[in-house]
file run_18.csv (CSV, C-alpha atoms)
chain,number,residue,atom,x,y,z
Y,1,MET,CA,232.0,244.6,342.1
Y,2,THR,CA,231.6,241.1,343.5
Y,3,PRO,CA,231.6,238.5,340.7
Y,4,VAL,CA,228.4,236.5,340.3
Y,5,ARG,CA,229.0,232.9,341.1
Y,6,LYS,CA,227.3,230.4,338.8
Y,7,LYS,CA,225.4,227.8,340.7
Y,8,THR,CA,226.5,224.2,340.2
Y,9,ALA,CA,224.2,221.2,340.4
Y,10,ASP,CA,225.4,220.5,343.9
Y,11,SER,CA,224.6,224.0,345.1
Y,12,LEU,CA,221.1,224.3,343.6
Y,13,ARG,CA,218.3,224.4,346.1
Y,14,SER,CA,215.6,221.7,346.1
Y,15,GLY,CA,211.9,222.4,346.5
Y,16,TYR,CA,208.6,220.6,347.0
Y,17,THR,CA,206.2,218.9,344.6
Y,18,THR,CA,202.6,219.9,344.1
Y,19,GLY,CA,201.7,216.6,345.8
Y,20,ALA,CA,203.6,217.6,349.0
Y,21,CYS,CA,202.0,221.0,349.0
Y,22,ALA,CA,198.6,219.6,348.6
Y,23,ALA,CA,199.2,217.2,351.5
Y,24,ALA,CA,200.3,220.1,353.7
Y,25,ALA,CA,197.3,222.2,352.8
Y,26,ALA,CA,195.0,219.2,353.4
Y,27,LYS,CA,196.5,218.5,356.9
Y,28,ALA,CA,196.1,222.1,357.9
Y,29,ALA,CA,192.5,222.1,356.7
Y,30,ALA,CA,191.9,219.0,358.8
Y,31,GLN,CA,193.5,220.6,361.8
Y,32,LEU,CA,191.2,223.6,361.5
Y,33,LEU,CA,188.2,221.3,361.1
Y,34,SER,CA,189.2,219.5,364.3
Y,35,GLY,CA,189.4,222.7,366.3
Y,36,ALA,CA,193.0,223.7,366.0
Y,37,ARG,CA,193.8,227.4,365.9
Y,38,LEU,CA,195.9,228.2,362.9
Y,39,LYS,CA,196.7,231.4,361.1
Y,40,PRO,CA,198.7,232.4,358.0
Y,41,GLY,CA,202.4,232.2,358.7
Y,42,ASP,CA,202.0,229.1,360.9
Y,43,GLU,CA,203.8,226.0,359.9
Y,44,VAL,CA,202.5,222.5,359.4
Y,45,ASP,CA,204.6,219.4,358.9
Y,46,ILE,CA,203.8,216.3,356.9
Y,47,PRO,CA,205.4,212.9,356.3
Y,48,LEU,CA,207.1,212.4,353.0
Y,49,PRO,CA,207.7,209.1,351.2
Y,50,GLY,CA,210.8,207.5,352.6
Y,51,ARG,CA,210.2,208.4,356.3
Y,52,LYS,CA,211.3,212.0,355.9
Y,53,ARG,CA,209.2,215.0,357.0
Y,54,ALA,CA,208.8,218.5,355.8
Y,55,SER,CA,207.4,221.8,357.1
Y,56,PHE,CA,205.3,224.2,355.1
Y,57,ARG,CA,204.3,227.8,356.0
Y,58,LEU,CA,200.6,228.4,355.6
Y,59,PHE,CA,199.5,231.1,353.2
Y,60,GLY,CA,195.7,231.0,353.9
Y,61,CYS,CA,193.5,229.6,356.7
Y,62,GLU,CA,189.8,229.8,357.0
Y,63,LEU,CA,187.1,228.0,359.0
Y,64,SER,CA,183.5,228.3,358.2
Y,65,LEU,CA,181.3,226.8,361.0
Y,66,GLU,CA,178.1,227.5,359.1
Y,67,ALA,CA,179.4,225.5,356.1
Y,68,GLY,CA,181.1,222.9,358.2
Y,69,GLN,CA,184.2,223.4,356.1
Y,70,ALA,CA,187.8,224.5,356.6
Y,71,CYS,CA,190.3,225.7,354.0
Y,72,ALA,CA,194.0,226.2,354.0
Y,73,SER,CA,196.7,226.8,351.4
Y,74,VAL,CA,200.5,227.0,350.9
Y,75,ILE,CA,202.6,228.6,348.2
Y,76,LYS,CA,204.7,226.1,346.2
Y,77,ASP,CA,208.4,226.6,346.4
Y,78,ALA,CA,210.1,224.6,343.7
Y,79,GLY,CA,213.6,225.7,344.9
Y,80,ASP,CA,215.9,226.4,342.0
Y,81,ASP,CA,213.9,224.3,339.5
Y,82,PRO,CA,212.3,226.3,336.7
Y,83,ASP,CA,208.9,224.8,337.3
Y,84,VAL,CA,205.8,226.6,335.9
Y,85,THR,CA,204.0,225.9,339.2
Y,86,ASN,CA,206.7,227.6,341.3
Y,87,GLY,CA,204.9,230.3,343.4
Y,88,ALA,CA,201.5,228.8,342.8
Y,89,GLU,CA,198.9,228.6,345.6
Y,90,ILE,CA,198.0,225.0,346.3
Y,91,ALA,CA,194.8,224.9,348.4
Y,92,ALA,CA,192.7,222.2,350.2
Y,93,SER,CA,189.3,222.3,351.8
Y,94,ALA,CA,188.1,219.7,354.3
Y,95,ALA,CA,184.6,218.8,355.4
Y,96,PHE,CA,182.9,215.8,357.0
Y,97,ALA,CA,181.0,213.5,354.7
Y,98,LYS,CA,178.1,211.1,355.3
Y,99,GLY,CA,179.1,207.7,356.4
Y,100,LYS,CA,179.9,205.6,359.5
Y,101,THR,CA,183.5,204.6,358.7
Y,102,PHE,CA,186.5,206.9,358.8
Y,103,SER,CA,188.1,207.4,355.4
Y,104,VAL,CA,189.7,210.2,353.4
Y,105,LEU,CA,187.8,211.0,350.1
Y,106,ILE,CA,189.9,213.1,347.7
Y,107,LYS,CA,188.4,215.3,345.1
Y,108,GLY,CA,189.7,217.8,342.6
Y,109,GLY,CA,188.5,221.4,342.6
Y,110,LYS,CA,189.2,224.5,340.6
Y,111,GLY,CA,192.4,224.5,338.7
Y,112,VAL,CA,193.1,220.7,339.1
Y,113,GLY,CA,192.9,218.9,335.7
Y,114,LEU,CA,190.4,216.2,334.8
Y,115,VAL,CA,191.7,213.0,333.1
Y,116,THR,CA,189.9,212.4,329.8
Y,117,ARG,CA,192.2,209.8,328.1
Y,118,PRO,CA,193.4,206.4,329.1
Y,119,GLY,CA,197.1,205.5,329.8
Y,120,LEU,CA,197.8,207.7,332.8
Y,121,PRO,CA,198.1,206.5,336.4
Y,122,VAL,CA,194.7,208.0,337.2
Y,123,ALA,CA,191.5,206.6,335.6
Y,124,VAL,CA,189.5,208.6,333.0
Y,125,GLY,CA,187.0,210.9,334.7
Y,126,GLU,CA,189.1,211.3,337.9
Y,127,PRO,CA,191.0,214.5,338.9
Y,128,ALA,CA,194.6,214.5,337.9
Y,129,ILE,CA,196.0,213.8,341.4
Y,130,ASN,CA,198.5,211.0,341.0
Y,131,PRO,CA,198.6,207.9,343.3
Y,132,VAL,CA,201.6,209.0,345.5
Y,133,PRO,CA,200.1,212.4,346.2
Y,134,ARG,CA,196.8,210.8,347.1
Y,135,ARG,CA,198.6,208.5,349.6
Y,136,MET,CA,200.5,211.6,351.0
Y,137,ILE,CA,197.2,213.5,351.4
Y,138,THR,CA,195.5,210.5,353.1
Y,139,GLN,CA,198.5,210.0,355.5
Y,140,ALA,CA,198.7,213.6,356.4
Y,141,VAL,CA,195.0,213.9,357.2
Y,142,ARG,CA,195.1,210.6,359.1
Y,143,GLU,CA,197.7,212.1,361.4
Y,144,VAL,CA,195.1,214.6,362.5
Y,145,MET,CA,191.9,212.7,362.3
Y,146,GLY,CA,193.0,209.2,363.1
Y,147,PRO,CA,193.8,209.8,366.8
Y,148,LEU,CA,190.4,211.4,367.3
Y,149,SER,CA,188.7,207.9,366.6
Y,150,LEU,CA,186.2,209.5,364.3
Y,151,SER,CA,183.6,207.3,362.6
Y,152,ARG,CA,182.9,209.7,359.8
Y,153,PRO,CA,184.7,210.1,356.5
Y,154,ILE,CA,186.3,213.4,355.6
Y,155,GLU,CA,186.2,214.9,352.2
Y,156,VAL,CA,189.3,216.8,351.0
Y,157,THR,CA,189.1,218.9,347.8
Y,158,ILE,CA,192.4,220.1,346.3
Y,159,SER,CA,192.4,223.2,344.2
Y,160,VAL,CA,194.8,225.5,342.4
Y,161,PRO,CA,193.4,229.0,341.8
Y,162,GLN,CA,195.7,229.7,338.9
Y,163,GLY,CA,195.8,226.1,337.7
Y,164,GLU,CA,193.9,226.5,334.5
Y,165,GLU,CA,196.2,229.3,333.3
Y,166,LEU,CA,199.3,227.4,334.4
Y,167,ALA,CA,198.2,224.3,332.6
Y,168,ARG,CA,198.5,226.1,329.2
Y,169,LYS,CA,202.3,226.0,329.8
Y,170,THR,CA,202.4,222.3,330.4
Y,171,LEU,CA,201.8,219.1,328.3
Y,172,ASN,CA,198.5,218.4,330.0
Y,173,ALA,CA,196.3,219.2,327.0
Y,174,ARG,CA,198.3,216.7,324.9
Y,175,LEU,CA,197.9,214.1,327.6
Y,176,GLY,CA,194.2,214.6,327.7
Y,177,ILE,CA,194.2,216.4,331.1
Y,178,VAL,CA,191.8,219.4,330.8
Y,179,GLY,CA,190.9,222.3,333.1
Y,180,GLY,CA,194.0,222.6,335.2
Y,181,ILE,CA,197.3,221.2,336.3
Y,182,SER,CA,198.2,217.8,337.7
Y,183,ILE,CA,199.1,217.1,341.3
Y,184,LEU,CA,202.3,215.2,341.0
Y,185,GLY,CA,205.4,213.9,342.7
Y,186,THR,CA,206.8,210.5,343.9
Y,187,THR,CA,209.1,211.7,346.7
Y,188,GLY,CA,207.6,215.0,347.6
Y,189,ILE,CA,210.8,216.7,346.7
Y,190,VAL,CA,211.7,218.6,343.5
Y,191,LYS,CA,215.3,218.2,342.5
Y,192,PRO,CA,216.3,221.2,340.5
Y,193,LEU,CA,216.8,220.8,336.7
Y,194,SER,CA,216.0,217.1,337.1
Y,195,GLY,CA,216.1,215.1,334.0
Y,196,ALA,CA,214.0,212.5,335.8
Y,197,ALA,CA,210.9,214.7,335.5
Y,198,TRP,CA,211.4,215.1,331.7
Y,199,ARG,CA,211.9,211.4,331.2
Y,200,ALA,CA,208.8,210.7,333.3
Y,201,ALA,CA,206.8,213.1,331.0
Y,202,ILE,CA,208.1,211.2,327.9
Y,203,SER,CA,207.0,207.9,329.4
Y,204,ALA,CA,203.6,209.2,330.4
Y,205,SER,CA,203.0,210.8,327.0
Y,206,MET,CA,203.9,207.5,325.3
Y,207,LYS,CA,201.5,205.5,327.6
Y,208,VAL,CA,198.7,207.8,326.6
Y,209,ALA,CA,199.5,207.3,322.9
Y,210,ARG,CA,199.6,203.5,323.2
Y,211,ALA,CA,196.4,203.4,325.2
Y,212,MET,CA,194.8,205.3,322.3
Y,213,GLY,CA,196.0,202.6,319.8
Y,214,ILE,CA,198.6,204.9,318.2
Y,215,GLU,CA,201.4,202.9,316.3
Y,216,THR,CA,203.7,205.7,315.1
Y,217,VAL,CA,205.4,208.0,317.6
Y,218,VAL,CA,207.0,211.3,316.6
Y,219,LEU,CA,210.1,212.2,318.7
Y,220,SER,CA,210.9,215.9,318.3
Y,221,ALA,CA,214.0,217.7,319.5
Y,222,GLY,CA,212.1,221.0,319.9
Y,223,ARG,CA,208.9,222.9,319.3
Y,224,THR,CA,209.9,224.2,315.9
Y,225,SER,CA,210.6,220.7,314.7
Y,226,GLU,CA,207.4,219.4,316.2
Y,227,ARG,CA,205.3,222.1,314.6
Y,228,ALA,CA,206.9,221.5,311.2
Y,229,HIS,CA,206.1,217.8,311.3
Y,230,MET,CA,202.5,218.5,312.5
Y,231,ARG,CA,201.9,220.8,309.6
Y,232,LYS,CA,202.9,218.2,307.1
Y,233,PHE,CA,201.2,215.2,308.7
Y,234,LYS,CA,198.2,216.8,310.5
Y,235,PHE,CA,195.8,214.6,308.5
Y,236,PHE,CA,197.6,211.4,309.3
Y,237,LEU,CA,198.8,211.5,312.9
Y,238,PRO,CA,196.8,212.7,315.9
Y,239,PRO,CA,198.3,215.1,318.5
Y,240,PRO,CA,199.1,212.4,321.1
Y,241,SER,CA,201.5,210.9,318.6
Y,242,TYR,CA,203.9,213.7,319.3
Y,243,ILE,CA,206.4,213.3,322.1
Y,244,MET,CA,208.8,216.1,323.0
Y,245,MET,CA,212.0,214.1,323.6
Y,246,GLY,CA,214.2,217.3,323.9
Y,247,ASP,CA,217.7,216.1,324.3
Y,248,TYR,CA,216.9,212.6,325.6
Y,249,VAL,CA,217.3,210.8,322.3
Y,250,GLU,CA,218.5,207.3,323.5
Y,251,PHE,CA,216.0,207.2,326.4
Y,252,SER,CA,213.1,208.1,324.1
Y,253,LEU,CA,214.1,205.5,321.5
Y,254,LYS,CA,214.4,202.8,324.0
Y,255,GLU,CA,211.1,203.8,325.7
Y,256,ALA,CA,209.3,203.7,322.3
Y,257,ALA,CA,210.6,200.2,321.8
Y,258,ARG,CA,209.7,199.2,325.4
Y,259,GLN,CA,206.1,200.4,324.9
Y,260,ARG,CA,205.9,198.5,321.6
Y,261,PHE,CA,205.3,201.2,319.0
Y,262,GLY,CA,205.4,200.1,315.4
Y,263,ARG,CA,207.4,203.0,313.9
Y,264,ILE,CA,209.3,206.1,315.0
Y,265,HIS,CA,209.7,209.5,313.4
Y,266,ILE,CA,212.6,211.6,314.5
Y,267,CYS,CA,212.3,215.3,313.9
Y,268,ALA,CA,215.1,217.8,314.4
Y,269,GLN,CA,216.9,220.8,313.0
Y,270,TRP,CA,220.4,220.5,311.5
Y,271,ALA,CA,222.7,220.8,314.5
Y,272,LYS,CA,220.6,218.3,316.6
Y,273,LEU,CA,220.2,215.9,313.7
Y,274,ILE,CA,223.9,215.8,313.1
Y,275,LYS,CA,224.4,214.9,316.8
Y,276,ILE,CA,221.8,212.1,316.4
Y,277,ALA,CA,223.4,210.9,313.2
Y,278,MET,CA,226.7,210.8,315.0
Y,279,GLY,CA,225.1,208.5,317.6
Y,280,THR,CA,224.9,211.0,320.5
Y,281,PRO,CA,222.6,209.5,323.2
Y,282,ASP,CA,222.0,212.9,324.9
Y,283,THR,CA,222.2,216.0,322.7
Y,284,HIS,CA,222.2,218.6,325.6
Y,285,VAL,CA,225.3,220.8,325.8
Y,286,ARG,CA,225.9,219.5,329.4
Y,287,SER,CA,226.9,216.2,327.8
Y,288,GLY,CA,229.3,218.0,325.6
Y,289,ALA,CA,229.1,220.9,323.2
Y,290,MET,CA,229.2,220.1,319.5
Y,291,ASP,CA,232.8,219.6,318.2
Y,292,VAL,CA,232.2,221.4,314.9
Y,293,SER,CA,235.5,220.1,313.4
Y,294,ARG,CA,234.5,216.5,314.3
Y,295,ALA,CA,231.1,217.1,312.8
Y,296,ALA,CA,232.7,218.4,309.6
Y,297,ASP,CA,234.8,215.3,309.4
Y,298,PHE,CA,231.7,213.1,309.9
Y,299,LEU,CA,229.9,215.0,307.1
Y,300,ARG,CA,232.8,214.6,304.8
Y,301,HIS,CA,233.8,211.0,305.4
Y,302,GLU,CA,230.5,209.4,306.5
Y,303,CYS,CA,228.0,211.4,304.5
Y,304,GLY,CA,230.0,212.3,301.4
Y,305,ILE,CA,229.4,216.0,301.7
Y,306,PRO,CA,232.4,217.8,300.0
Y,307,LEU,CA,233.2,220.4,302.7
Y,308,PRO,CA,236.4,222.4,302.2
Y,309,GLU,CA,239.1,221.7,304.7
Y,310,ARG,CA,238.8,225.0,306.7
Y,311,PRO,CA,237.6,225.9,310.2
Y,312,TYR,CA,233.9,226.3,310.8
Y,313,ASN,CA,232.4,228.1,313.8
Y,314,THR,CA,229.0,226.5,314.0
Y,315,ALA,CA,227.0,223.6,312.5
Y,316,ARG,CA,224.6,226.3,311.1
Y,317,GLU,CA,227.5,227.8,309.1
Y,318,ILE,CA,228.1,224.4,307.6
Y,319,PHE,CA,224.5,224.1,306.7
Y,320,ARG,CA,224.5,227.5,305.1
Y,321,TYR,CA,227.6,226.5,303.0
Y,322,ILE,CA,225.8,223.4,301.9
Y,323,LEU,CA,222.7,225.3,300.7
Y,324,GLN,CA,224.9,227.8,298.8
Y,325,THR,CA,226.9,225.2,296.9
Y,326,GLY,CA,224.0,223.8,295.0
Y,327,PRO,CA,221.8,220.7,295.1
Y,328,GLN,CA,224.5,218.2,294.1
Y,329,ALA,CA,226.6,219.0,297.2
Y,330,GLY,CA,224.0,219.2,299.9
Y,331,PRO,CA,220.3,219.5,299.8
Y,332,GLY,CA,220.2,216.4,297.6
Y,333,GLU,CA,222.4,213.5,298.5
Y,334,GLY,CA,224.6,215.0,301.2
Y,335,ALA,CA,221.9,216.2,303.7
Y,336,LYS,CA,219.8,213.1,302.9
Y,337,LYS,CA,222.7,211.0,304.1
Y,338,VAL,CA,222.6,212.8,307.4
Y,339,CYS,CA,219.0,211.9,307.7
Y,340,ALA,CA,219.8,208.3,306.8
Y,341,ALA,CA,222.5,208.2,309.5
Y,342,ALA,CA,220.2,209.5,312.1
Y,343,ALA,CA,217.5,207.0,311.1
Y,344,ALA,CA,220.1,204.2,311.2
Y,345,TYR,CA,221.1,205.2,314.8
Y,346,GLY,CA,217.5,205.3,315.8
Y,347,HIS,CA,216.9,201.8,314.4
Y,348,GLN,CA,220.1,200.5,316.1
Y,349,VAL,CA,218.9,201.7,319.5
Y,350,SER,CA,215.2,200.9,319.2
Y,351,GLY,CA,215.1,198.0,316.8
Y,352,LEU,CA,212.1,199.7,315.1
Y,353,PRO,CA,211.7,201.2,311.7
Y,354,VAL,CA,212.8,204.9,311.9
Y,355,THR,CA,212.3,207.8,309.6
Y,356,ALA,CA,214.4,210.9,310.3
Y,357,PHE,CA,213.2,214.4,309.2
Y,358,LEU,CA,215.4,217.4,308.8
Y,359,VAL,CA,213.7,220.7,309.7
Y,360,SER,CA,215.0,223.9,308.2
Y,361,TYR,CA,215.7,227.0,310.3
Y,362,GLU,CA,212.6,228.5,308.7
Y,363,GLY,CA,210.5,225.8,310.4
Y,364,LYS,CA,209.7,223.6,307.5
Y,365,ILE,CA,210.4,219.9,306.7
Y,366,PHE,CA,213.5,220.1,304.5
Y,367,LEU,CA,213.7,216.4,303.6
Y,368,SER,CA,213.6,213.0,305.2
Y,369,SER,CA,215.5,209.7,305.1
Y,370,ASP,CA,212.7,208.1,303.1
Y,371,GLU,CA,213.0,210.5,300.2

call {"tool": "encode", "arguments": {"input": "run_18.csv", "output": "structure tokens"}}
result
Amino acid sequence: MTPVRKKTADSLRSGYTTGACAAAAAKAAAQLLSGARLKPGDEVDIPLPGRKRASFRLFGCELSLEAGQACASVIKDAGDDPDVTNGAEIAASAAFAKGKTFSVLIKGGKGVGLVTRPGLPVAVGEPAINPVPRRMITQAVREVMGPLSLSRPIEVTISVPQGEELARKTLNARLGIVGGISILGTTGIVKPLSGAAWRAAISASMKVARAMGIETVVLSAGRTSERAHMRKFKFFLPPPSYIMMGDYVEFSLKEAARQRFGRIHICAQWAKLIKIAMGTPDTHVRSGAMDVSRAADFLRHECGIPLPERPYNTAREIFRYILQTGPQAGPGEGAKKVCAAAAAYGHQVSGLPVTAFLVSYEGKIFLSSDE
């Protein structure tokens, strides 16, 4: 049997953003409206930011002479990136609008979210189609309609048939984007497993929180930690306060300082919190798996937890030992010192007051650095 080769970062296949797909669908719709004969399977090419071009195969094509409207769609290919919109149909309709000056009017249709909170690149009340995708759509349509010297505006409506369902798997609701997904992208290209997309989401979430006047931001390492904190503080902190930092600890701390929050809460389970306490800027395993023996030494010498000098397989095994040895050894002062070390690292990086919360493996707040 031939062994399966694990893909490396260099061998992963790139894909295209929803913005690029929307621009391709819009150009095809404009071509149909101008009299071009297109059918599913044909290709349309568009300009990308940075002077590159890309071709897209059409999934749907339809021209309605009675309605004076053309529709086209493409299927998003995100490459090897685990994007929730991979395989989604991105559609555009085009129709002439009233007016005497050529322009491209962009609207959001079914499955494209509506912005309801300030702080995003798109104004409240507008469809969640970001500025760069809007420029890409406009440029792609101009390639078709511009040379025709038309004196009428053209209205382009972007839609995503499955957008509302897909949006439930994204952070849109927390950002105040309702009814569908966002049309995103700054280069038109999706780089697989890109940390840039996650960092951009962190920044965007913080902008929304600050625009709402929120002073305390909660940086969570995972969903379990976030839910635990929410249950305890649901009457004090609104949902936009919560930012899923994942493994991007240092970036999130610095971004919170840059956006001038007043206080930070860090929320994580034992293994992640130890990494943070040890001053690890990126807690993902790609940046180094946890050295359990080093962690044990840290807990002994820096946190005063009397661990026996023996091998440990996992951080969770250490935590289990601490719980079994009684309150004097762990759940009291020892684990509290881990929280204190994590809070101290957070303050060192951000310059802001930081409280660290340890979340149990049962999904509850175990203790905090303020206790």

call {"tool": "closest_residue", "arguments": {"input": "run_18.csv", "among": "Y:Ala167, Y:Ile181, Y:Val104, Y:Leu120", "to": "Thr18 of chain Y", "atoms": "all atoms listed in the file"}}
result
Y:Ile181

call {"tool": "closest_residue", "arguments": {"input": "run_18.csv", "among": "Y:Ile274, Y:Val156, Y:Ala97, Y:Ala20", "to": "Arg53 of chain Y", "atoms": "all atoms listed in the file"}}
result
Y:Ala20

call {"tool": "closest_residue", "arguments": {"input": "run_18.csv", "among": "Y:Leu32, Y:Leu307, Y:Leu253, Y:Ala356", "to": "Val141 of chain Y", "atoms": "all atoms listed in the file"}}
result
Y:Leu32

call {"tool": "atom_distance", "arguments": {"input": "run_18.csv", "atom1": "atom CA of Ser182 of chain Y", "atom2": "atom CA of Val122 of chain Y"}}
result
10.4 Å

call {"tool": "residues_around", "arguments": {"input": "run_18.csv", "residues": "Val84 of chain Y", "least_positions_apart": "3", "cutoff": "9 Å", "atoms": "all atoms listed in the file", "output": "list in words"}}
result
Gly87, Ala88, Leu166, Ala167, Lys169 and Thr170 of chain Y

call {"tool": "residues_around", "arguments": {"input": "run_18.csv", "residues": "Ala341 of chain Y", "least_positions_apart": "5", "cutoff": "9 Å", "atoms": "only C-alpha atoms", "output": "compact mmCIF listing (two decimals) with C-alpha atoms, keeping the file's coordinate frame"}}
result
# COMPACT_ATOMS: atom_id res chain seq x y z
CA ILE Y 274 223.90 215.80 313.10
CA ILE Y 276 221.80 212.10 316.40
CA ALA Y 277 223.40 210.90 313.20
CA MET Y 278 226.70 210.80 315.00
CA GLY Y 279 225.10 208.50 317.60
CA GLU Y 302 230.50 209.40 306.50
CA CYS Y 303 228.00 211.40 304.50
CA LYS Y 336 219.80 213.10 302.90
CA GLY Y 346 217.50 205.30 315.80
CA ALA Y 356 214.40 210.90 310.30
CA SER Y 369 215.50 209.70 305.10

call {"tool": "closest_residue", "arguments": {"input": "run_18.csv", "among": "Y:Ala25, Y:Gly35, Y:Val132, Y:Gly125", "to": "Leu48 of chain Y", "atoms": "all atoms listed in the file"}}
result
Y:Val132

call {"tool": "residues_around", "arguments": {"input": "run_18.csv", "residues": "Gly163 of chain Y", "least_positions_apart": "4", "cutoff": "10 Å", "atoms": "all atoms listed in the file", "output": "ChimeraX atom specification"}}
result
/Y:85,88-90,109-113,159,167-168,179-182

call {"tool": "residues_around", "arguments": {"input": "run_18.csv", "residues": "Thr314 of chain Y", "least_positions_apart": "2", "cutoff": "12 Å", "atoms": "only C-alpha atoms", "output": "PyMOL selection string"}}
result
chain Y and resi 270-271+274+289-296+311-312+316-321

call {"tool": "write_last_selection", "arguments": {"input": "run_18.csv", "atoms": "C-alpha atoms", "output": "PDB file, in the frame of the given file"}}
result
ATOM      1  CA  TRP Y 270     220.400 220.500 311.500  1.00  0.00           C
ATOM      2  CA  ALA Y 271     222.700 220.800 314.500  1.00  0.00           C
ATOM      3  CA  ILE Y 274     223.900 215.800 313.100  1.00  0.00           C
ATOM      4  CA  ALA Y 289     229.100 220.900 323.200  1.00  0.00           C
ATOM      5  CA  MET Y 290     229.200 220.100 319.500  1.00  0.00           C
ATOM      6  CA  ASP Y 291     232.800 219.600 318.200  1.00  0.00           C
ATOM      7  CA  VAL Y 292     232.200 221.400 314.900  1.00  0.00           C
ATOM      8  CA  SER Y 293     235.500 220.100 313.400  1.00  0.00           C
ATOM      9  CA  ARG Y 294     234.500 216.500 314.300  1.00  0.00           C
ATOM     10  CA  ALA Y 295     231.100 217.100 312.800  1.00  0.00           C
ATOM     11  CA  ALA Y 296     232.700 218.400 309.600  1.00  0.00           C
ATOM     12  CA  PRO Y 311     237.600 225.900 310.200  1.00  0.00           C
ATOM     13  CA  TYR Y 312     233.900 226.300 310.800  1.00  0.00           C
ATOM     14  CA  ARG Y 316     224.600 226.300 311.100  1.00  0.00           C
ATOM     15  CA  GLU Y 317     227.500 227.800 309.100  1.00  0.00           C
ATOM     16  CA  ILE Y 318     228.100 224.400 307.600  1.00  0.00           C
ATOM     17  CA  PHE Y 319     224.500 224.100 306.700  1.00  0.00           C
ATOM     18  CA  ARG Y 320     224.500 227.500 305.100  1.00  0.00           C
ATOM     19  CA  TYR Y 321     227.600 226.500 303.000  1.00  0.00           C
TER      20      TYR Y 321
END

call {"tool": "atom_distance", "arguments": {"input": "run_18.csv", "atom1": "atom CA of Ala228 of chain Y", "atom2": "atom CA of Glu371 of chain Y"}}
result
16.7 Å

call {"tool": "atom_distance", "arguments": {"input": "run_18.csv", "atom1": "atom CA of Glu155 of chain Y", "atom2": "atom CA of Lys107 of chain Y"}}
result
7.4 Å

call {"tool": "decode", "arguments": {"input": "run_18.csv", "residues": "segment 55-69 of chain Y", "atoms": "N, CA and C atoms", "output": "mmCIF file, in the first residue's frame"}}
result
data_model
loop_
_atom_site.group_PDB
_atom_site.id
_atom_site.type_symbol
_atom_site.label_atom_id
_atom_site.label_comp_id
_atom_site.auth_asym_id
_atom_site.auth_seq_id
_atom_site.Cartn_x
_atom_site.Cartn_y
_atom_site.Cartn_z
ATOM 1 N N SER Y 55 -9.095 32.940 -13.323
ATOM 2 C CA SER Y 55 -10.225 32.438 -14.102
ATOM 3 C C SER Y 55 -11.138 31.599 -13.221
ATOM 4 N N PHE Y 56 -12.438 31.696 -13.472
ATOM 5 C CA PHE Y 56 -13.434 30.967 -12.702
ATOM 6 C C PHE Y 56 -14.386 30.263 -13.654
ATOM 7 N N ARG Y 57 -14.727 29.032 -13.329
ATOM 8 C CA ARG Y 57 -15.691 28.280 -14.136
ATOM 9 C C ARG Y 57 -17.096 28.609 -13.655
ATOM 10 N N LEU Y 58 -17.976 28.900 -14.582
ATOM 11 C CA LEU Y 58 -19.334 29.279 -14.237
ATOM 12 C C LEU Y 58 -20.162 28.060 -13.857
ATOM 13 N N PHE Y 59 -20.932 28.230 -12.797
ATOM 14 C CA PHE Y 59 -21.830 27.168 -12.342
ATOM 15 C C PHE Y 59 -23.239 27.374 -12.885
ATOM 16 N N GLY Y 60 -23.663 28.622 -12.891
ATOM 17 C CA GLY Y 60 -25.000 28.931 -13.388
ATOM 18 C C GLY Y 60 -24.987 30.151 -14.278
ATOM 19 N N CYS Y 61 -25.851 30.179 -15.280
ATOM 20 C CA CYS Y 61 -25.999 31.322 -16.184
ATOM 21 C C CYS Y 61 -27.460 31.436 -16.586
ATOM 22 N N GLU Y 62 -28.003 32.630 -16.521
ATOM 23 C CA GLU Y 62 -29.392 32.806 -16.918
ATOM 24 C C GLU Y 62 -29.632 34.253 -17.330
ATOM 25 N N LEU Y 63 -30.312 34.438 -18.454
ATOM 26 C CA LEU Y 63 -30.663 35.765 -18.941
ATOM 27 C C LEU Y 63 -32.172 35.837 -19.096
ATOM 28 N N SER Y 64 -32.791 36.801 -18.447
ATOM 29 C CA SER Y 64 -34.227 37.016 -18.546
ATOM 30 C C SER Y 64 -34.468 38.336 -19.261
ATOM 31 N N LEU Y 65 -34.843 38.261 -20.549
ATOM 32 C CA LEU Y 65 -35.083 39.476 -21.326
ATOM 33 C C LEU Y 65 -36.292 40.232 -20.802
ATOM 34 N N GLU Y 66 -37.304 39.483 -20.352
ATOM 35 C CA GLU Y 66 -38.514 40.128 -19.840
ATOM 36 C C GLU Y 66 -38.217 40.945 -18.585
ATOM 37 N N ALA Y 67 -37.400 40.379 -17.715
ATOM 38 C CA ALA Y 67 -37.066 41.083 -16.472
ATOM 39 C C ALA Y 67 -35.914 42.067 -16.657
ATOM 40 N N GLY Y 68 -35.235 41.972 -17.794
ATOM 41 C CA GLY Y 68 -34.076 42.833 -18.018
ATOM 42 C C GLY Y 68 -32.958 42.559 -17.044
ATOM 43 N N GLN Y 69 -32.765 41.283 -16.742
ATOM 44 C CA GLN Y 69 -31.805 40.896 -15.707
ATOM 45 C C GLN Y 69 -31.036 39.651 -16.114
#
